[in-house]
Every structure is written in C-alpha cells, then in structure tokens.
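Colleague: Contents of run11.cif (mmCIF, C-alpha atoms):
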```cif
data_entry
#
loop_
_atom_site.label_atom_id
_atom_site.label_comp_id
_atom_site.auth_asym_id
_atom_site.auth_seq_id
_atom_site.Cartn_x
_atom_site.Cartn_y
_atom_site.Cartn_z
CA MET A 1 -24.02 -111.80 -44.62
CA ALA A 2 -21.25 -109.19 -44.26
CA ALA A 3 -19.77 -111.15 -41.34
CA LEU A 4 -19.77 -114.39 -43.31
CA THR A 5 -18.10 -112.67 -46.25
CA ALA A 6 -15.43 -111.17 -43.97
CA LEU A 7 -14.70 -114.61 -42.58
CA GLY A 8 -14.36 -116.01 -46.11
CA VAL A 9 -17.40 -118.29 -45.85
CA ALA A 10 -18.80 -118.87 -49.34
CA LEU A 11 -22.56 -118.43 -49.79
CA PRO A 12 -24.50 -120.49 -52.34
CA VAL A 13 -24.19 -118.78 -55.72
CA VAL A 14 -26.65 -119.40 -58.56
CA GLY A 15 -26.17 -118.80 -62.27
CA ALA A 16 -24.03 -116.38 -64.23
CA ALA A 17 -26.19 -114.86 -66.97
CA ALA A 18 -29.99 -114.56 -66.76
CA ALA A 19 -32.74 -116.78 -65.43
CA VAL A 20 -36.31 -117.01 -66.74
CA ILE A 21 -38.51 -118.65 -64.11
CA ASN A 22 -42.17 -119.70 -64.22
CA THR A 23 -43.31 -121.10 -60.89
CA GLY A 24 -46.02 -120.95 -58.26
CA LEU A 25 -43.78 -119.68 -55.45
CA TYR A 26 -40.45 -117.97 -56.03
CA VAL A 27 -38.16 -117.65 -53.01
CA VAL A 28 -34.59 -116.45 -52.63
CA ASP A 29 -33.54 -117.68 -49.20
CA ALA A 30 -31.60 -115.48 -46.79
CA ASP A 31 -28.36 -117.44 -47.36
CA THR A 32 -28.56 -117.41 -51.18
CA VAL A 33 -26.86 -115.11 -53.70
CA VAL A 34 -28.24 -115.09 -57.26
CA VAL A 35 -25.61 -113.72 -59.65
CA GLU A 36 -27.78 -112.90 -62.68
CA ASP A 37 -30.76 -110.94 -63.88
CA VAL A 38 -33.97 -112.74 -62.97
CA TYR A 39 -37.26 -112.80 -64.92
CA VAL A 40 -40.08 -114.35 -62.91
CA ALA A 41 -43.74 -115.24 -63.37
CA ALA A 42 -45.14 -116.56 -60.07
CA SER A 43 -48.16 -116.50 -57.80
CA SER A 44 -46.01 -114.94 -55.08
CA ALA A 45 -42.35 -114.06 -54.61
CA THR A 46 -40.08 -113.44 -51.65
CA VAL A 47 -36.49 -112.19 -51.79
CA GLU A 48 -34.73 -112.63 -48.45
CA GLY A 49 -31.25 -113.13 -49.90
CA ARG A 50 -29.35 -111.23 -52.57
CA ILE A 51 -29.93 -110.82 -56.32
CA GLU A 52 -26.91 -109.33 -58.06
CA GLY A 53 -28.72 -108.00 -61.11
CA ASP A 54 -32.21 -106.87 -62.12
CA LEU A 55 -35.50 -108.44 -61.06
CA VAL A 56 -38.34 -108.36 -63.61
CA ILE A 57 -41.45 -109.97 -62.18
CA ALA A 58 -45.12 -110.62 -62.82
CA ALA A 59 -46.72 -112.04 -59.68
CA GLY A 60 -49.57 -111.97 -57.21
CA SER A 61 -47.38 -110.42 -54.51
CA LEU A 62 -43.76 -109.49 -53.91
CA ARG A 63 -41.81 -109.04 -50.69
CA ILE A 64 -38.16 -107.93 -50.67
CA SER A 65 -36.41 -108.08 -47.30
CA GLY A 66 -33.00 -108.83 -48.80
CA THR A 67 -31.05 -106.96 -51.50
CA VAL A 68 -31.44 -106.46 -55.24
CA THR A 69 -28.41 -104.70 -56.70
CA GLY A 70 -30.13 -103.70 -59.95
CA ASP A 71 -33.61 -102.44 -60.85
CA VAL A 72 -36.91 -104.05 -59.88
CA LEU A 73 -39.63 -103.94 -62.56
CA VAL A 74 -42.99 -105.23 -61.33
CA ALA A 75 -46.44 -106.12 -62.65
CA VAL A 76 -48.10 -107.33 -59.44
CA ARG A 77 -51.82 -107.68 -58.80
CA GLY A 78 -51.33 -107.59 -55.02
CA PRO A 79 -48.95 -105.82 -52.63
CA VAL A 80 -45.29 -104.99 -53.14
CA GLU A 81 -43.32 -104.64 -49.89
CA VAL A 82 -39.69 -103.48 -49.78
CA SER A 83 -38.20 -103.67 -46.31
CA GLY A 84 -34.71 -104.49 -47.60
CA THR A 85 -32.61 -102.73 -50.23
CA VAL A 86 -33.13 -102.10 -53.94
CA GLU A 87 -29.95 -100.44 -55.16
CA GLY A 88 -31.51 -99.44 -58.49
CA SER A 89 -35.05 -98.23 -59.22
CA LEU A 90 -38.43 -99.70 -58.32
CA ARG A 91 -40.87 -99.33 -61.22
CA GLY A 92 -44.14 -100.84 -62.37
CA VAL A 93 -47.77 -101.50 -61.50
CA ALA A 94 -49.19 -103.03 -58.29
CA ARG A 95 -52.25 -102.89 -56.06
CA SER A 96 -50.20 -101.31 -53.28
CA VAL A 97 -46.55 -100.41 -52.71
CA ALA A 98 -44.91 -100.09 -49.30
CA VAL A 99 -41.26 -99.05 -48.93
CA THR A 100 -39.82 -99.20 -45.43
CA GLY A 101 -36.31 -100.02 -46.60
CA VAL A 102 -33.99 -98.32 -49.10
CA VAL A 103 -34.34 -97.65 -52.84
CA GLY A 104 -31.08 -96.38 -54.31
CA ALA A 105 -32.60 -94.62 -57.33
CA ASP A 106 -36.26 -93.83 -58.20
CA VAL A 107 -39.67 -95.16 -57.25
CA ALA A 108 -42.01 -94.86 -60.25
CA VAL A 109 -45.24 -96.82 -59.77
CA ALA A 110 -48.96 -96.91 -60.49
CA ALA A 111 -50.75 -98.27 -57.41
CA LEU A 112 -53.94 -97.81 -55.44
CA GLY A 113 -51.88 -97.03 -52.37
CA LEU A 114 -48.31 -95.86 -51.76
CA ASP A 115 -46.82 -96.01 -48.26
CA LEU A 116 -43.25 -94.79 -48.05
CA SER A 117 -41.45 -94.51 -44.73
CA GLY A 118 -37.99 -95.57 -45.85
CA GLU A 119 -35.36 -93.89 -48.00
CA VAL A 120 -35.52 -93.09 -51.73
CA ALA A 121 -32.32 -91.59 -53.12
CA ARG A 122 -33.86 -89.82 -56.11
CA ASP A 123 -37.48 -89.19 -57.21
CA VAL A 124 -40.84 -90.60 -56.16
CA VAL A 125 -43.26 -90.65 -59.09
CA ALA A 126 -46.61 -92.30 -58.38
CA PHE A 127 -50.13 -92.49 -59.78
CA GLY A 128 -52.70 -93.76 -57.32
CA VAL A 129 -55.58 -93.19 -54.95
CA THR A 130 -53.70 -92.52 -51.71
CA GLY A 131 -50.12 -91.65 -50.92
CA ASP A 132 -48.33 -91.38 -47.59
CA VAL A 133 -44.78 -90.23 -48.29
CA GLY A 134 -42.54 -90.16 -45.23
CA GLY A 135 -38.92 -91.03 -44.62
CA THR A 136 -36.43 -89.39 -46.99
CA VAL A 137 -36.74 -88.49 -50.68
CA GLY A 138 -33.52 -87.26 -52.27
CA ARG A 139 -35.07 -85.17 -55.04
CA ASP A 140 -38.75 -84.64 -56.07
CA VAL A 141 -42.18 -86.02 -55.20
CA LEU A 142 -44.27 -86.12 -58.38
CA GLY A 143 -47.48 -87.69 -59.70
CA ARG A 144 -51.27 -87.79 -59.30
CA TYR A 145 -53.17 -88.87 -56.21
CA LEU A 146 -56.64 -88.66 -54.75
CA ARG A 147 -55.19 -87.94 -51.31
CA LEU A 148 -51.52 -87.30 -50.55
CA ALA A 149 -49.77 -86.70 -47.23
CA VAL A 150 -46.11 -85.67 -47.30
CA GLY A 151 -44.19 -86.01 -44.06
CA ALA A 152 -40.81 -86.70 -45.62
CA VAL A 153 -37.55 -84.85 -45.85
CA VAL A 154 -37.74 -83.93 -49.56
CA GLY A 155 -34.56 -82.69 -51.22
CA ASN A 156 -36.22 -80.62 -53.95
CA ASP A 157 -39.85 -80.02 -54.95
CA VAL A 158 -43.28 -81.49 -54.40
CA ASP A 159 -45.13 -81.15 -57.74
CA VAL A 160 -48.42 -83.09 -57.85
CA THR A 161 -52.03 -83.16 -59.02
CA VAL A 162 -54.33 -84.09 -56.14
CA ARG A 163 -57.75 -83.72 -54.65
CA SER A 164 -56.34 -83.09 -51.20
CA LEU A 165 -52.75 -82.43 -50.13
CA ARG A 166 -51.35 -82.35 -46.61
CA ILE A 167 -47.83 -81.37 -45.62
CA ALA A 168 -47.55 -83.19 -42.31
CA ALA A 169 -45.63 -82.24 -39.18
CA GLY A 170 -41.98 -83.13 -39.52
CA ALA A 171 -41.91 -82.60 -43.28
CA LYS A 172 -38.99 -80.61 -44.68
CA VAL A 173 -39.32 -79.62 -48.33
CA GLY A 174 -36.12 -78.19 -49.77
CA GLY A 175 -37.82 -76.57 -52.76
CA ASP A 176 -41.33 -75.52 -53.82
CA VAL A 177 -44.71 -77.15 -53.26
CA VAL A 178 -46.61 -76.89 -56.56
CA TYR A 179 -49.99 -78.56 -56.69
CA GLN A 180 -53.03 -78.66 -58.93
CA ALA A 181 -56.10 -79.19 -56.77
CA ASP A 182 -59.66 -78.10 -56.03
CA ARG A 183 -58.76 -77.08 -52.48
CA SER A 184 -55.85 -75.46 -50.64
CA VAL A 185 -53.03 -77.45 -49.13
CA ALA A 186 -53.22 -78.24 -45.42
CA THR A 187 -49.91 -77.53 -43.68
CA ASP A 188 -49.41 -78.91 -40.18
CA ALA A 189 -47.49 -77.05 -37.50
CA GLY A 190 -43.87 -78.13 -37.55
CA ALA A 191 -43.71 -78.58 -41.33
CA ALA A 192 -40.98 -76.59 -43.13
CA ILE A 193 -41.11 -75.48 -46.78
CA GLU A 194 -38.05 -73.57 -47.99
CA GLY A 195 -39.54 -72.50 -51.32
CA GLN A 196 -42.94 -71.25 -52.43
CA VAL A 197 -46.35 -72.86 -52.15
CA ILE A 198 -48.09 -72.52 -55.52
CA GLN A 199 -51.62 -73.71 -56.26
CA ILE A 200 -52.57 -74.24 -59.91
CA PRO A 201 -56.36 -74.12 -60.47
CA ALA A 202 -57.84 -77.46 -61.51
CA GLY A 203 -58.88 -77.47 -65.15
CA ALA A 204 -61.58 -80.11 -64.60
CA PRO A 205 -63.31 -81.75 -61.63
CA PHE A 206 -61.02 -84.25 -59.94
CA PRO A 207 -63.30 -87.29 -60.57
CA VAL A 208 -63.17 -86.51 -64.29
CA ARG A 209 -59.38 -86.34 -64.21
CA VAL A 210 -59.24 -89.63 -62.30
CA LEU A 211 -61.45 -91.31 -64.91
CA LEU A 212 -59.21 -89.98 -67.67
CA ASP A 213 -56.13 -91.27 -65.86
CA LEU A 214 -57.81 -94.65 -65.38
CA ALA A 215 -58.65 -94.79 -69.07
CA LEU A 216 -55.01 -94.04 -69.90
CA LEU A 217 -53.82 -96.76 -67.52
CA LEU A 218 -56.22 -99.34 -68.99
CA GLY A 219 -55.13 -98.32 -72.47
CA PHE A 220 -51.49 -98.84 -71.51
CA LEU A 221 -52.24 -102.27 -70.04
CA GLY A 222 -54.07 -103.12 -73.28
CA TYR A 223 -51.00 -102.02 -75.23
CA LEU A 224 -48.77 -104.25 -73.08
CA THR A 225 -51.09 -107.24 -73.50
CA GLY A 226 -51.57 -106.75 -77.23
CA GLY A 227 -47.85 -106.23 -77.80
CA LEU A 228 -46.93 -109.43 -75.95
CA ILE A 229 -49.57 -111.36 -77.91
CA LEU A 230 -48.21 -110.07 -81.23
CA LEU A 231 -44.65 -110.92 -80.24
CA TRP A 232 -45.82 -114.47 -79.49
CA LEU A 233 -48.17 -115.00 -82.46
CA LEU A 234 -45.84 -113.42 -85.03
CA ARG A 235 -42.60 -114.65 -83.55
CA ARG A 236 -40.66 -114.86 -86.80
CA SER A 237 -41.89 -111.55 -88.26
CA ALA A 238 -41.58 -109.80 -84.89
CA GLY A 239 -38.03 -111.03 -84.37
CA ASN A 240 -37.07 -109.83 -87.83
CA ALA A 241 -38.82 -106.49 -87.25
CA VAL A 242 -36.90 -105.88 -84.01
CA ALA A 243 -33.63 -106.78 -85.75
CA VAL A 244 -34.39 -104.52 -88.73
CA VAL A 245 -35.10 -101.36 -86.68
CA ALA A 246 -31.76 -101.86 -84.90
CA GLU A 247 -29.64 -102.90 -87.88
CA ARG A 248 -31.16 -100.79 -90.69
CA PRO A 249 -32.74 -97.78 -89.01
CA TRP A 250 -32.87 -95.40 -91.97
CA ARG A 251 -34.31 -98.00 -94.32
CA ALA A 252 -36.93 -98.88 -91.72
CA VAL A 253 -37.87 -95.20 -91.35
CA GLY A 254 -38.15 -94.84 -95.14
CA VAL A 255 -40.38 -97.88 -95.43
CA GLY A 256 -42.46 -96.63 -92.49
CA VAL A 257 -43.04 -93.28 -94.21
CA ALA A 258 -44.01 -95.11 -97.42
CA VAL A 259 -46.48 -97.31 -95.52
CA GLY A 260 -47.98 -94.31 -93.73
CA ILE A 261 -48.50 -92.37 -96.95
CA GLY A 262 -49.10 -95.15 -99.46
CA GLY A 263 -51.32 -97.37 -97.32
CA PRO A 264 -54.32 -95.00 -97.07
CA ILE A 265 -54.00 -94.03 -100.77
CA ILE A 266 -54.08 -97.68 -101.87
CA ALA A 267 -57.06 -98.36 -99.58
CA VAL A 268 -59.02 -95.46 -101.13
CA LEU A 269 -58.22 -96.65 -104.65
CA LEU A 270 -59.34 -100.18 -103.82
CA VAL A 271 -62.66 -98.93 -102.46
CA ALA A 272 -63.37 -97.47 -105.91
CA THR A 273 -63.73 -101.01 -107.30
CA ILE A 274 -66.23 -103.59 -106.06
CA VAL A 275 -63.62 -106.36 -106.28
CA GLY A 276 -61.16 -104.31 -104.25
CA ILE A 277 -63.49 -103.55 -101.32
CA PRO A 278 -62.58 -106.71 -99.31
CA LEU A 279 -58.89 -105.94 -99.82
CA ALA A 280 -59.50 -102.34 -98.76
CA ILE A 281 -61.16 -103.55 -95.55
CA VAL A 282 -58.20 -105.83 -94.80
CA GLY A 283 -55.84 -102.94 -95.50
CA VAL A 284 -57.72 -100.57 -93.20
CA LEU A 285 -57.66 -103.17 -90.40
CA ALA A 286 -53.91 -103.62 -90.95
CA LEU A 287 -53.35 -99.87 -90.77
CA ALA A 288 -55.44 -99.64 -87.59
CA THR A 289 -53.35 -102.42 -86.05
CA LEU A 290 -50.19 -100.57 -87.04
CA LEU A 291 -51.52 -97.40 -85.43
CA LEU A 292 -52.02 -99.29 -82.15
CA PHE A 293 -48.97 -101.55 -82.20
CA GLY A 294 -46.63 -100.16 -84.84
CA THR A 295 -44.33 -98.92 -82.07
CA VAL A 296 -43.69 -102.43 -80.70
CA PRO A 297 -40.49 -103.25 -82.70
CA LEU A 298 -38.66 -100.05 -81.71
CA VAL A 299 -39.86 -100.19 -78.09
CA THR A 300 -38.66 -103.81 -77.91
CA ALA A 301 -35.32 -102.99 -79.53
CA VAL A 302 -34.68 -100.19 -77.02
CA GLY A 303 -35.58 -102.47 -74.09
CA LEU A 304 -33.35 -105.25 -75.38
CA ARG A 305 -30.49 -102.78 -75.77
CA LEU A 306 -30.87 -101.71 -72.15
CA LEU A 307 -31.02 -105.36 -71.07
CA SER A 308 -27.99 -106.23 -73.25
CA GLY A 309 -30.16 -108.72 -75.12
CA ARG A 310 -31.08 -110.73 -72.03
CA GLY A 311 -34.60 -111.97 -71.42
CA GLY A 312 -35.67 -111.98 -75.05
CA PRO A 313 -38.22 -109.77 -76.86
CA PRO A 314 -40.96 -110.01 -74.17
CA ALA A 315 -38.68 -108.64 -71.44
CA GLY A 316 -37.30 -105.99 -73.79
CA PHE A 317 -40.80 -104.90 -74.78
CA LEU A 318 -42.02 -104.64 -71.17
CA LEU A 319 -39.00 -102.59 -70.09
CA GLY A 320 -39.10 -100.33 -73.14
CA ALA A 321 -42.86 -99.76 -72.85
CA VAL A 322 -42.71 -98.85 -69.15
CA LEU A 323 -39.82 -96.43 -69.69
CA TRP A 324 -41.63 -94.85 -72.64
CA ARG A 325 -44.79 -94.44 -70.56
CA VAL A 326 -42.90 -92.83 -67.68
CA VAL A 327 -41.30 -90.34 -70.08
CA ALA A 328 -44.71 -89.57 -71.63
CA LEU A 329 -46.24 -88.91 -68.20
CA VAL A 330 -43.42 -86.69 -66.98
CA LEU A 331 -42.77 -84.92 -70.32
CA PRO A 332 -45.96 -85.20 -72.44
CA LEU A 333 -44.58 -83.29 -75.45
CA LEU A 334 -41.47 -85.46 -75.63
CA GLY A 335 -43.69 -88.53 -75.23
CA ALA A 336 -45.81 -87.45 -78.22
CA VAL A 337 -42.71 -86.91 -80.36
CA LEU A 338 -41.34 -90.31 -79.36
CA PHE A 339 -44.67 -91.93 -80.28
CA VAL A 340 -44.57 -90.52 -83.82
CA VAL A 341 -40.93 -91.54 -84.28
CA ALA A 342 -41.55 -95.02 -82.88
CA LEU A 343 -44.70 -95.45 -85.00
CA VAL A 344 -42.98 -94.59 -88.29
CA TRP A 345 -39.77 -96.46 -87.45
CA GLY A 346 -41.59 -99.49 -86.05
CA SER A 347 -44.12 -99.68 -88.92
CA GLY A 348 -41.22 -99.88 -91.34
CA GLY A 349 -39.73 -102.59 -89.18
CA TRP A 350 -42.97 -104.60 -89.23
CA ALA A 351 -43.18 -104.35 -93.05
CA MET A 352 -39.54 -105.31 -93.60
CA GLY A 353 -39.69 -108.02 -90.94
CA ALA A 354 -42.76 -109.61 -92.53
CA TRP A 355 -41.10 -109.50 -95.96
CA ARG A 356 -37.89 -111.03 -94.60
CA ALA A 357 -39.85 -113.81 -92.85
CA ARG A 358 -41.76 -114.53 -96.06
CA THR A 359 -38.56 -114.59 -98.12
CA LEU A 360 -36.79 -116.94 -95.71
CA ALA A 361 -39.83 -119.23 -95.59
CA ALA A 362 -40.21 -119.39 -99.39
CA PRO A 363 -39.08 -122.66 -101.09
CA PRO A 364 -35.98 -122.43 -103.28
CA ALA A 365 -36.53 -121.74 -106.97
CA PRO A 366 -36.27 -124.73 -109.35
CA GLY A 367 -32.70 -125.53 -110.28
CA THR A 368 -31.24 -123.93 -107.13
CA THR A 369 -29.97 -125.39 -103.90
CA GLY A 370 -31.35 -124.41 -100.47
#
```
Once you've parsed the file, please lay out its structure as structure tokens.

Modeller:
Amino acid sequence: MAALTALGVALPVVGAAAAVINTGLYVVDADTVVVEDVYVAASSATVEGRIEGDLVIAAGSLRISGTVTGDVLVAVRGPVEVSGTVEGSLRGVARSVAVTGVVGADVAVAALGLDLSGEVARDVVAFGVTGDVGGTVGRDVLGRYLRLAVGAVVGNDVDVTVRSLRIAAGAKVGGDVVYQADRSVATDAGAAIEGQVIQIPAGAPFPVRVLLDLALLLGFLGYLTGGLILLWLLRRSAGNAVAVVAERPWRAVGVGVAVGIGGPIIAVLLVATIVGIPLAIVGVLALATLLLFGTVPLVTAVGLRLLSGRGGPPAGFLLGAVLWRVVALVLPLLGAVLFVVALVWGSGGWAMGAWRARTLAAPPAPGTTG
C-alpha cells in the first residue's frame, strides 16, 4: 500500500462520514480504504484493507490483518484476531482475543482467553480465564484471570488478581509485580523484575471471586441489552431525554433529585388508600426501572459526544457504557460516584424527555393553529 501511494496510484475510497452496516459477511479487501467510522452487525468480519476511523462491531468473529486508524469496539461471540494494526484502542467483549500485531493505545477486554504476542503501546486490562501476555506492553498489565503467564517486556507494573501467576523466561517488568492470589508467583529463570514482588492475601476463595465477576459481567450485559431495548421502544422519549441532559444539565439534575425524593413519598401515600394501591405498584415498578436504567440518557449523551454525534443513540450508549464500566473496574470508588451522578442526572432526563414527548404529541388546543 505504501508503494502504491508513493507512486500516486489511487486506492478505492469509500464514504466520508459514517457507515452503519448490517450484513452476513463484512469484508474490507486489501486494496480498499474506508474513510469513515464504521458500525457493523455481521456474522463474521474481516479487515484486510484500511479503515480511517473507528470500528464498532457486533459479530460472530473478527479478524484484522489490515489497519484501523481509530479505536475498535467489539461485542463478538467468537474469536477476535489482530495481526495487523489498530492505531487506537481495542476494547470490548469476545470469546477469545489474540493480538499478534500492533495496538497503538490500550487493550481492555473481557474474554475467556487472551493471547498477546504483539505490541501494545499502553495498558493491557483483561478479565478472563487464561492470559498469555508476551510481546511488548508499554505501561501496565492489569485485570483478573484464572491463570496468567507474563513473558512480555512490560514498561511499568503487573497488578492482577489471579489463581496462578507465572513470570516466564524472557519477561522484563520495569516496575512492581503486585498480585492477589491463593498461591505464590512462579518466576522462571531468565525473568527480570526491576521493582518489588508483592502478594496480597486473597480475601475469598478464587472460585467465589470468579462467580462474583461472572455475575457482574452478566449484569453488565443485561444493562446493555435493556438499555438498547429502551432506546428502541421509547425512541421519542429517549431521544428527548438524551438531548435534555446535554442541553439543560442543571434542570435535569433538579428534576432527578425531585423524582428520587418525591417518587417514594408519593408511592407510600398512595398505598394508604385502597384506590391508590394499583398506582403505587406502577410507581414502584417505574422507580425500579429508573434504578436499573436511569443512567442511560447520560451514558448515551457522553458516548455521542465522544463520537461527535455519529452512529446515533445506540452507538453512543454502547461506547459510553463500556467506558463507564472500564472506569468502574479500574477505579471502583470513582465508578460508584459516577453511577450516582448518572442516575440522578439521567432520571431527570427521562422525566423531562417523557414530558416533552407528550407535549409535542398532544393535539393543538381549540382555536389555535398547529
């Protein structure tokens, strides 16, 4: 490709903004350049050419042997293989992730297996059963694994929760090895650790911690599914809610506080009357739904802001939710604070969005024009 460019030979160029694609097989041929962000739902996908932008994909499998200049966000039920170049970050959920090429920023994934023998410029953050981290990692290796082997050149620290950890021959860790585990780390001859090796006693048996992590993962997938369903079923209200939290943040927060305080009080008062019991039940169900999905408008608004409005609310919600989850896993306290803020802010957005949708849908009063 570089030779063709030097000779002035034009490659096929597709698009200029953003593409949303739903297909059985998605392929970017080796001689194709896609100049846009791409959002794909496919049974399988192969990128042999070049995507100048982000790739957001839900698929059965993904193979990248070409180049993606932006980030790659995946929800893949099968393998993800990167033998080419991702100039941004690789993030998401997959059955397995193998990186033999180059990732220019971070790898942050949840996968049953992680096999890394290429180059990652910044951090590797993974949650899975097995991990084999080789090649080069510019900064830290983080996450939770059942079994982890580190044979990479790691710029900073290895900080993980594991059942078994092995620092393999050829590994060079520029900082500390900090691990929470039931057993001591196994260090092969020829491995070099410049900092300290610190074992933190496990607070609970590893199988229990794995089950808790699995429950958290399933809960997050349920949140993603439920949020996408709400965005589709309540398209008008959801669109208004996302707009409100961005355009009128303080009013949305005020309404959210009022809903959080006034909703339970009204439900209790309604229970005191026989006639009001059905309304109280509806109100309690609405509050429970808000507790689960009240954060959706703000999460979507943040994702859309990062995407510059491209891809619509579903893409914005997926990106915002994944970023929020990564922050919560790496910095739990900050994640809890963000949840409360997003819940109050987003609940106000839902209430104002529903009211705006109802007002716009109402027929004009008699004697007025539309």

Colleague: Can you tell me which residues surround A:Leu221 at a distance of at most 12 Å, considering only C-alpha atoms, apart from same-chain residues fewer than 2 positions away, and format the answer as a ChimeraX atom specification?

Modeller: /A:75,92-93,110,214-219,223-228,318,321-322,325

Colleague: One decimal, in Å: what's the spacing between atom CA of A:Val177 and atom CA of A:Val120?

Modeller: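 Atom CA of A:Val177 sits 18.5 Å away from atom CA of A:Val120.
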
Colleague: To verify the selection step, state as JSON, numbers by chain which residues the PyMOL selection byres ((chain A and resi 56-69) around 9) yields on this input.

Modeller: {"A": [28, 29, 30, 37, 38, 39, 40, 41, 42, 43, 44, 45, 46, 47, 48, 49, 50, 51, 52, 53, 54, 55, 70, 71, 72, 73, 74, 75, 76, 77, 78, 79, 80, 81, 82, 83, 84, 85, 86, 87, 88, 94, 101, 315, 319]}

Colleague: Would you kindly return, as a count of residues only, each protein, DNA or RNA residue with an atom no farther than 9 Å from any atom of stretch 153-155 of chain A, considering only C-alpha atoms and excluding same-chain residues fewer than 4 positions away?

Modeller: 15

Colleague: Excluding same-chain residues fewer than 2 positions from A:Gly348, what lies within 9 Å of it counting all atoms listed in the file, as a count of residues only?

Modeller: 21

Colleague: Care to translate the PyMOL selection byres ((chain A and resi 283-289) around 9) into actual residues of this file, as a ChimeraX atom specification?

Modeller: /A:259-260,263-264,266-267,278-282,290-294

Colleague: Excluding A:Gly190 and residues on its chain fewer than 2 positions from it, collect all residues at most 7 Å away from it, counting only C-alpha atoms, and give them as a tab-separated table (two decimals) with C-alpha atoms, in the coordinates of the input.

Modeller:
```tsv
chain	number	residue	atom	x	y	z
A	169	ALA	CA	-45.63	-82.24	-39.18
A	170	GLY	CA	-41.98	-83.13	-39.52
A	188	ASP	CA	-49.41	-78.91	-40.18
A	192	ALA	CA	-40.98	-76.59	-43.13
```

Colleague: Specify as a compact mmCIF listing (two decimals) with C-alpha atoms, in the frame of the given file each residue included when the PyMOL selection byres ((chain A and resi 117) around 7) is applied to this file.

Modeller:
```txt
# COMPACT_ATOMS: atom_id res chain seq x y z
CA VAL A 99 -41.26 -99.05 -48.93
CA THR A 100 -39.82 -99.20 -45.43
CA ASP A 115 -46.82 -96.01 -48.26
CA LEU A 116 -43.25 -94.79 -48.05
CA GLY A 118 -37.99 -95.57 -45.85
CA GLU A 119 -35.36 -93.89 -48.00
CA VAL A 133 -44.78 -90.23 -48.29
CA GLY A 134 -42.54 -90.16 -45.23
CA GLY A 135 -38.92 -91.03 -44.62
```

Colleague: Distance atom CA of A:Gly128-atom CA of A:Leu334, one decimal place?

Modeller: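 These atoms are spaced 23.0 Å apart.
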